[in-house]
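What follows is a short report on a single structure.
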Amino acid sequence: MNIVLVPYTAWRHLAMALWCGGFGLLAWWLVLSITVIGGPIWTPDWDGPILLTAISAAVAGASILGEDNLRRRPLLQRVGRAALAVVIAVANTLLWYWLWHLVVPMLLPEDWAADAADLSLVSLRYRVGAFVMGGLACGLAGTTVRRFSHVVSHVAGGIASAMVAGAAWHVLNSNFTGLTDLYLSGAALGLVWGFLYGLITWPIPDRLYAGWIRVLSSTRYGRRIPVDAANLGPKERFLGHFPRGLDMFLPVEAGVMELHVSVAVDADGNYKARGLSLHPTTVKRFLEKVDLRYDPRRPAPLETRLSSGDRILLGQGDKSVEVEFVMLPREER
């Protein structure tokens, strides 16, 4: 997980999902390797809780570790926070798993209670509570380490990801699809659990990226400046040909006015373009054009919100300059 290698596109939301999914798959493989290579070192009653605990702990720890890698936290802090998430997930998964299987059979009819108490029975009907408890523990571990930030999304996302993973596990080990492959079902359990948990609970925040303006026209081609202030506060950058006090100088021969346009960012990280000239100023994006030329009848300049990839055309025809607004990792220099 390296923020420099995660471009600011819609696909960035899959980065954490794939990261956590890989750790979930790795946890299943580790449990399987211990069982096959070293031989079963626990009784069959422990197969379920050990597998669920391993996946829950691996996914929760991977989520914290991935975030810390993206934020470039010190190595010891990364390891410590990930280890804390693992410990919380392990303790909660085992606690809730056994409480569920001790209490629920008491509330069921006698014939159902016997099946529910049989921990070797591979059926989602009697194990759905185990997946719910594992997902709950996974979500609690993530939100606790993040100082109870976004509690609802962590808890709900943890439970939802575990239940969907349980459904995938059940489909692949039952005759519903003609498959009875416990090997593939275990792999799907870890992969789906981690993927959905990473997708739902902690998406990569926009604050890890910063806005830049770069020139696309031949005049000063490739010239770029950052929009954001060093302290992440509000900032406004001005483009034009006025010789002093501008953030990006563009020559008058290219059709750019003294103060032609500005790009501003507020304290919440929202970017806007403001037209400051009577000459043509157009923001172009997919299926949309916005005319930002200054209207003297208005008390303030026209403005429009900017998204990564939007282009601003200063002037028109042969005398024009095109600049682009892009979001780059904040580490970019």
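In the structure tokens, chains take the letters A, B, ... in the order shown, each chain's residues start at 1, and ligands count up from 1 in the order shown.
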
Query - Residues flagged alpha helix (DSSP H) by DSSP in range 19-167 of chain A, as a ChimeraX atom specification - result: /A:19-37,47-71,75-107,110-117,124-145,151-167

**Report entry** Surrounding residues of Ser217 in chain A excluding itself and chain neighbours under 3 positions, 8 Å, only C-alpha atoms, as a ChimeraX atom specification
**Finding:** /A:220-221,321-323

With N, CA and C atoms retained, write the just-selected residues as an mmCIF file, in the first residue's frame.
```cif
data_model
loop_
_atom_site.group_PDB
_atom_site.id
_atom_site.type_symbol
_atom_site.label_atom_id
_atom_site.label_comp_id
_atom_site.auth_asym_id
_atom_site.auth_seq_id
_atom_site.Cartn_x
_atom_site.Cartn_y
_atom_site.Cartn_z
ATOM 1 N N ARG A 220 4.306 27.232 -22.188
ATOM 2 C CA ARG A 220 4.677 26.766 -20.853
ATOM 3 C C ARG A 220 4.132 25.355 -20.582
ATOM 4 N N TYR A 221 4.172 24.507 -21.580
ATOM 5 C CA TYR A 221 3.647 23.142 -21.458
ATOM 6 C C TYR A 221 4.312 22.399 -20.290
ATOM 7 N N VAL A 321 -5.133 29.285 -23.888
ATOM 8 C CA VAL A 321 -4.306 28.371 -23.103
ATOM 9 C C VAL A 321 -5.229 27.421 -22.360
ATOM 10 N N GLU A 322 -4.877 26.139 -22.376
ATOM 11 C CA GLU A 322 -5.678 25.132 -21.670
ATOM 12 C C GLU A 322 -4.879 24.580 -20.504
ATOM 13 N N VAL A 323 -5.488 24.636 -19.330
ATOM 14 C CA VAL A 323 -4.869 24.060 -18.136
ATOM 15 C C VAL A 323 -5.790 22.973 -17.604
#
```

**Report entry** Within 6 Å of range 308-317 of chain A using only C-alpha atoms, minus same-chain residues under 3 positions, as a ChimeraX atom specification
**Finding:** /A:255,280-285,320-327

Report task. Write down as an MDAnalysis selection string the residues belonging to range 99-327 of chain A that are assigned strand (DSSP E) by DSSP computed on the backbone. Result -> chainID A and resid 209:215 224:226 235:240 248:249 261:265 271:275 281:285 288:291 303:305 311:316 319:327

What are the closest atom pairs, with distances in Å to one decimal, for each residue of range 141-177 of chain A lying within 9 Å of range 49-70 of chain A, using only C-alpha atoms, rows by chain and rising residue number, as a tab-separated table?
```
residue	atom	partner	partner_atom	distance
A:Ala141	CA	A:Ala60	CA	6.3
A:Gly142	CA	A:Ala60	CA	5.7
A:Val145	CA	A:Ile64	CA	7.7
A:Arg146	CA	A:Ile64	CA	8.1
A:Gly158	CA	A:Ser56	CA	9.0
A:Ala162	CA	A:Ser56	CA	8.6
```

Produce a file of the selected residues containing all heavy atoms, as a compact mmCIF listing (two decimals), in the first residue's frame.
```
# COMPACT_ATOMS: atom_id res chain seq x y z
N ALA A 141 -12.74 -4.32 16.14
CA ALA A 141 -11.29 -4.16 16.18
C ALA A 141 -10.86 -2.94 15.37
O ALA A 141 -10.04 -2.13 15.81
CB ALA A 141 -10.61 -5.42 15.66
N GLY A 142 -11.43 -2.79 14.17
CA GLY A 142 -11.05 -1.67 13.32
C GLY A 142 -11.44 -0.33 13.90
O GLY A 142 -10.64 0.61 13.95
N VAL A 145 -9.27 0.67 17.18
CA VAL A 145 -7.93 1.18 16.90
C VAL A 145 -8.02 2.57 16.26
O VAL A 145 -7.15 3.41 16.49
CB VAL A 145 -7.17 0.20 15.99
CG1 VAL A 145 -5.82 0.77 15.60
CG2 VAL A 145 -6.98 -1.14 16.70
N ARG A 146 -9.07 2.82 15.50
CA ARG A 146 -9.24 4.14 14.88
C ARG A 146 -9.95 5.11 15.81
O ARG A 146 -10.52 6.10 15.37
CB ARG A 146 -10.00 4.00 13.56
CG ARG A 146 -9.21 3.26 12.50
CD ARG A 146 -9.90 3.29 11.13
NE ARG A 146 -9.03 2.72 10.12
CZ ARG A 146 -9.23 1.56 9.50
NH1 ARG A 146 -10.32 0.84 9.79
NH2 ARG A 146 -8.39 1.12 8.59
N GLY A 158 -18.40 -4.85 8.90
CA GLY A 158 -17.83 -6.11 9.34
C GLY A 158 -18.85 -7.24 9.31
O GLY A 158 -18.56 -8.34 8.83
N ALA A 162 -18.81 -10.42 6.56
CA ALA A 162 -18.73 -11.79 7.06
C ALA A 162 -19.94 -12.62 6.61
O ALA A 162 -19.79 -13.80 6.27
CB ALA A 162 -18.63 -11.78 8.58
```

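Using only C-alpha atoms, the residues found no farther than 6 Å from Ala264 in chain A, other than those of its own chain fewer than 5 positions away, are Lys235, Glu236, Tyr271 and Lys272 of chain A.
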
Could you dump the residues just selected with N, CA, C and O atoms as an mmCIF file, in the first residue's frame?
```
data_model
loop_
_atom_site.group_PDB
_atom_site.id
_atom_site.type_symbol
_atom_site.label_atom_id
_atom_site.label_comp_id
_atom_site.auth_asym_id
_atom_site.auth_seq_id
_atom_site.Cartn_x
_atom_site.Cartn_y
_atom_site.Cartn_z
ATOM 1 N N LYS A 235 -6.897 28.166 0.515
ATOM 2 C CA LYS A 235 -5.860 28.745 -0.333
ATOM 3 C C LYS A 235 -6.471 29.069 -1.699
ATOM 4 O O LYS A 235 -7.388 28.376 -2.147
ATOM 5 N N GLU A 236 -5.957 30.130 -2.345
ATOM 6 C CA GLU A 236 -6.413 30.487 -3.683
ATOM 7 C C GLU A 236 -5.209 30.791 -4.552
ATOM 8 O O GLU A 236 -4.331 31.549 -4.160
ATOM 9 N N TYR A 271 -12.617 22.053 -4.041
ATOM 10 C CA TYR A 271 -11.908 22.895 -5.003
ATOM 11 C C TYR A 271 -12.914 23.604 -5.911
ATOM 12 O O TYR A 271 -13.921 23.013 -6.331
ATOM 13 N N LYS A 272 -12.610 24.875 -6.212
ATOM 14 C CA LYS A 272 -13.484 25.669 -7.067
ATOM 15 C C LYS A 272 -12.652 26.533 -8.000
ATOM 16 O O LYS A 272 -11.569 27.004 -7.635
#
```

Requested in this report: Using only C-alpha atoms, pick whichever of A:Ala300, A:Leu124, A:Leu306, A:Leu32 has the shortest atom-to-atom distance to Gly211 in chain A.
Outcome: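 Looking at the shortest contact to Gly211 in chain A, the residue is A:Leu306.
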
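You can rank A:Trp100, A:Ala254, A:Val31, A:Glu288 by their closest distance to Asp318 in chain A using only C-alpha atoms, and at the top of that list sits A:Ala254.
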
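Taking CA of Ser161 in chain A and CA of Val104 in chain A as endpoints, the distance between them is 22.2 Å.
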
**Report entry** CA of Pro74 in chain A to CA of Val86 in chain A, distance in Å rounded to a single decimal
**Finding:** 18.6 Å

Query raised in the report: From the list A:Val227, A:Val215, A:Ala85, A:Leu76, which residue is nearest Arg147 in chain A when using only C-alpha atoms?
Result: A:Ala85

Report task. Could you tell me which of A:Pro7, A:Pro251, A:Gly166, A:Gly269 comes closest to Ala188 in chain A if we count only C-alpha atoms? Result -> A:Gly166

Requested in this report: Write out as a list in words the residues lying within 8 Å of Met163 in chain A, counting only C-alpha atoms and excluding same-chain residues fewer than 5 positions away.
Outcome: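 Listed by chain and then number, they are Val128, Phe131, Val132 and Gly135 of chain A.
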
Go ahead and save the picked residues with C-alpha atoms, as a short mmCIF file (atom, residue, chain, number, x, y, z; two decimals), in the first residue's frame.
```
data_model
loop_
_atom_site.label_atom_id
_atom_site.label_comp_id
_atom_site.auth_asym_id
_atom_site.auth_seq_id
_atom_site.Cartn_x
_atom_site.Cartn_y
_atom_site.Cartn_z
CA VAL A 128 -24.84 -17.98 10.36
CA PHE A 131 -20.19 -15.48 10.84
CA VAL A 132 -22.13 -12.60 12.37
CA GLY A 135 -17.79 -9.94 11.45
#
```
